[in-house]
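Data block below; observations after.
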Amino acid sequence: MKKILSILLIFALLTLSLCGCGYEYHNLDLRAKYTREYAGTEITVYNWGEYISDGADGTIDVNREFEKVTGIKVNYLTFESNETMYSQVKNGGVKYDIIIPSDYMIQRLIKENELQKIDTTKLSNYDLIDDRYKSVYFDEKNEYTVPYNVGMVGVIYNPKLVGEVEHSWNVLWDKQYKDKVLNFNNPRDAFMTAQMLLGLDLNSENTKDWNKAADKLKKGKANLQSYVMDEVYGKMETGEAAIAPYYAGDYLTMVETNPDLKFFYPKEGTNIFIDSVCIPKNAKNVEAAMLYIDFLLEPQIATANAEYIGYASPNTAVINNEDYYYYQNEILYPSEEDMPKVQYYHDIDDKIRIYYETLWVQVKLY
Amino acid sequence: MNKKSFGNQLLAAPHVVWSVIFIVVPLFIMLYFAFTNADGGFTLENVKQIGLYKKAFGISILYAAIATVITLLLAYPMAYFMTKVNISSQRMLMMIVMIPMWMNFLIRTYSWITILANTGLINTFLGKLGIEPLKLINTPGAVILGMVYDFIPYMILPIYSVMSKIDKSLLEASEDLGSNAFNKFRRVILPLSRPGIISGITMVFVPSVSTFYISQKLGGNKTMLVGDVIEYFFNAGPDYYNVASAISMVLMVMILVCMVIMNRFSDDDSEGVII
């Protein structure tokens, strides 16, 4: 009898988790604004992992609210890197209606004619986008993209372990911090730290520039505790390491756990990136995709996303919202005088890319 | 009895099909990629590039060799001890050796981070005693330790299985003929347990030399073993499938050579194989 009972309980739990009955819809009052003309159709959305508000802890589940408002079913898929996304879109097995790549990858996709134009006049909320994030190099005429998130790289440090530090990339090379320093475990970002310090162009097409940066990285290796990506959270939060370059939005997550941590943008300048919403050429449900983009720009939805993700929003309805958790946060939204010098990554010629990606192994083997 | 019946062959069929699809075919795919360029034309360019990664091969062999020696030194007395206790204790010891193997090796490796870290168990304890923290993690020593820890059961089990089959009467005979304990070990036990040692060395050295995760987690990503280089290139995308295949091929050849050498040392019908 006990066995039967426990089996029944397991079934009950399973069905509960399958239908996800836990989520309560928010009262968004968007019904009147959005047409239900496309109810019953489907769109496929391809986004970064952990890059949309998903209803956890009482937040808004953006995809489910969209489904409720428009009746359009959302197939939501995620990727871990621009390169994975690129190969998926290129091989064409799945037809995506919405993708959210970063700047340099958008440049490549436009060059290869993989994106279709977005008629922004049809987006009721497009005017909310801050002009600073319009007409960026990869889409100067604002034909293909709608900005979703903005981020910059900076340096996180722990004054309890190393005191105050110089606001320069040089801290990664400073001998007094030996074995307390981390760096990125991916070639482009790691090279960026050296390129910025040496004053080199991040998008140099000259192999000599990459060699110089590689030599600098090799010199810094003795100082380094380890190369990390996601492990940076644990290492900085527990005090295992004291200095690490990482994305500003992620610093805000870390400081919630370890309030000792501080952050700066190096004086030499840093990398800025924009992730933007695009519609691939072979999208099947363009009208529904347009509704989805407009929905992402809705003030309540954009705020929910900005709070969940923790990166800077290009949406003025979020930036000027006093109830927004990161309202006037000086790390996400530095004032003009505090704004660091920034450079975007551009799509680099394949030969150069293969050159520095191979060079990275030599840095590791040094 | 040499002639297998049709029924017996049928029983082996699922495994044969499996091996062909998942071992033989991928091997040929690897060979194809190793000797072609991005357009599919024949080239030796990939193989020529391997010189760039000789340091990765060098440290992989060095670390694996050190790990194998340490493993052997630890495992041999353990296996010997296991044969000396009564049957129920043997079963218990066997379980102690086996249980860690049932856990995923990634988790086992990860647990060492929390032990060796600057803020980890050992250094916290030393800190309480007022001793300066030791630099344990992100060192070659930590990587080798990880290898020893992960692969030691593969050394203990074959040696134990061979040793436990040594005929007791041979040991008694050597004593009757006047051997002291040292001579008994050197001239009877050691030669008879050789197949187990050979098999253990192969089973520790081969996975150590091709491992990749341990060096990343315990070595702080600061160096690359051959396995790490291969993983990096396959993750970096299709541009590198050819180079990565060429490196994999060389690693395969290295492992085959190692196995041939080890086979030379062992007798024809080695008993050291587990199971």
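Identifiers in this document derive from the order of the structure tokens: chains are assigned A, B, ..., residues are numbered from 1 separately in each chain, and ligands are numbered from 1 in order of occurrence.
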Checklist entry - Near chain B, which residues of chain A fall within 6 Å when you count only C-alpha atoms, and what do they look like as number ranges by chain? => result A: 226-227, 240, 364-365
Item to check | Within 9 Å of Lys178 in chain A using only C-alpha atoms, minus same-chain residues under 6 positions, as a list of chain:residue names | outcome: A:Leu172, A:Ala222, A:Asn223, A:Leu224, A:Gln225
Using the selection just defined, write its residues with N, CA and C atoms as a PDB file, in the first residue's frame.
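Saved file part15.pdb follows:
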```
ATOM      1  N   LEU A 172      46.789  43.343 -13.380  1.00  0.00           N
ATOM      2  CA  LEU A 172      46.907  41.913 -13.694  1.00  0.00           C
ATOM      3  C   LEU A 172      48.364  41.482 -13.824  1.00  0.00           C
ATOM      4  N   ALA A 222      53.085  34.156 -14.864  1.00  0.00           N
ATOM      5  CA  ALA A 222      53.673  33.809 -13.568  1.00  0.00           C
ATOM      6  C   ALA A 222      52.875  34.449 -12.428  1.00  0.00           C
ATOM      7  N   ASN A 223      52.244  35.561 -12.731  1.00  0.00           N
ATOM      8  CA  ASN A 223      51.470  36.291 -11.738  1.00  0.00           C
ATOM      9  C   ASN A 223      50.095  35.683 -11.493  1.00  0.00           C
ATOM     10  N   LEU A 224      49.660  34.902 -12.471  1.00  0.00           N
ATOM     11  CA  LEU A 224      48.267  34.499 -12.541  1.00  0.00           C
ATOM     12  C   LEU A 224      47.970  33.284 -11.671  1.00  0.00           C
ATOM     13  N   GLN A 225      46.839  33.323 -10.964  1.00  0.00           N
ATOM     14  CA  GLN A 225      46.389  32.134 -10.236  1.00  0.00           C
ATOM     15  C   GLN A 225      45.775  31.140 -11.223  1.00  0.00           C
TER      16      GLN A 225
END
```
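Look at Leu332 in chain A: the protein and nucleic acid residues within 8 Å of it, using only C-alpha atoms and passing over chain neighbours fewer than 3 places away, are Gly151, Ala248, Gly249, Tyr311, Ala312, Tyr326, Gln328 and Asn329 of chain A.
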Next on the checklist: I'd like the contact shell of Lys84 in chain B - 12 Å cut-off, only C-alpha atoms, skipping same-chain residues fewer than 2 positions apart - returned as an MDAnalysis selection string.
Outcome noted: chainID B and resid 77:82 86:90 93 160 163:164 166 168
Go ahead and save the picked residues with C-alpha atoms, as a PDB file, in the first residue's frame.
```pdb
ATOM      1  CA  PRO B  77      51.677  -2.760  -1.011  1.00  0.00           C
ATOM      2  CA  MET B  78      47.936  -2.207  -0.779  1.00  0.00           C
ATOM      3  CA  ALA B  79      47.220  -5.119  -3.121  1.00  0.00           C
ATOM      4  CA  TYR B  80      49.696  -7.291  -1.223  1.00  0.00           C
ATOM      5  CA  PHE B  81      48.059  -6.377   2.073  1.00  0.00           C
ATOM      6  CA  MET B  82      44.632  -7.198   0.661  1.00  0.00           C
ATOM      7  CA  ASN B  86      40.761 -12.932   5.644  1.00  0.00           C
ATOM      8  CA  ILE B  87      38.080 -13.208   2.979  1.00  0.00           C
ATOM      9  CA  SER B  88      35.507 -10.897   4.546  1.00  0.00           C
ATOM     10  CA  SER B  89      38.112  -8.169   5.092  1.00  0.00           C
ATOM     11  CA  GLN B  90      39.231  -8.657   1.499  1.00  0.00           C
ATOM     12  CA  LEU B  93      38.801  -3.527   1.206  1.00  0.00           C
ATOM     13  CA  TYR B 160      45.325  -7.824  -6.441  1.00  0.00           C
ATOM     14  CA  MET B 163      48.386 -11.857  -6.451  1.00  0.00           C
ATOM     15  CA  SER B 164      45.382 -13.540  -4.925  1.00  0.00           C
ATOM     16  CA  ILE B 166      49.370 -17.145  -6.533  1.00  0.00           C
ATOM     17  CA  LYS B 168      50.263 -20.788  -1.579  1.00  0.00           C
TER      18      LYS B 168
END
```
Item to check | Near-Glu164 in chain A list (12 Å; only C-alpha atoms; drop same-chain fewer than 4 positions) as a PyMOL selection string | outcome: chain A and resi 156-160+168+171+177+242-243+260-264
Could you write out the selected residues, including C-alpha atoms, as a compact mmCIF listing (two decimals), in the first residue's frame?
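Final output, saved to again22.txt:
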```
# COMPACT_ATOMS: atom_id res chain seq x y z
CA ILE A 156 36.63 43.26 -9.92
CA TYR A 157 38.85 43.38 -6.85
CA ASN A 158 38.70 42.68 -3.14
CA PRO A 159 40.13 45.59 -1.06
CA LYS A 160 40.15 43.36 2.02
CA SER A 168 44.60 50.11 -14.72
CA VAL A 171 47.04 45.26 -11.90
CA TYR A 177 49.43 40.56 -6.51
CA ALA A 242 41.50 38.98 -5.25
CA ILE A 243 41.54 40.53 -8.73
CA ASP A 260 33.59 43.49 0.07
CA LEU A 261 34.08 43.35 -3.68
CA LYS A 262 34.70 46.54 -5.64
CA PHE A 263 34.87 47.32 -9.32
CA PHE A 264 36.55 49.72 -11.73
```
Next on the checklist: List as a VMD selection string the protein and nucleic acid residues near Glu80 in chain A, meaning an atom at most 8 Å away when only C-alpha atoms are counted, but skip any in the same chain fewer than 2 places from it.
Outcome noted: chain A and resid 48 to 49 78 82 84 to 85
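Distance annotation: of A:Val89, A:Phe138, A:Tyr333, A:Thr257, the residue with the minimal separation from Lys111 in chain A is A:Phe138; atom set is only C-alpha atoms.
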Next on the checklist: Among range 209-343 of chain A, which ones does DSSP assign to strand (DSSP E) (computed from the backbone)? Answer as a list in words.
Outcome noted: Leu224, Gln225, Ser226, Tyr227, Val228, Ile243, Ala244, Pro245, Tyr246, Tyr247, Lys262, Phe263, Phe264, Thr270, Asn271, Ile272, Phe273, Ile274, Asp275, Ser276, Val277, Ile279, Pro280, Val342 and Gln343 of chain A
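Nearest to Tyr86 in chain A of all the residues A:Tyr265, A:Tyr137, A:Tyr46, A:Tyr344 is A:Tyr46, counting only C-alpha atoms.
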Next on the checklist: Just want the 8 Å neighbourhood of range 298-302 of chain A, counted on only C-alpha atoms, with same-chain residues fewer than 3 positions away dropped. Output as a PyMOL selection string.
Outcome noted: chain A and resi 28+60+62+125+294-295+305-306+313+315+317-318
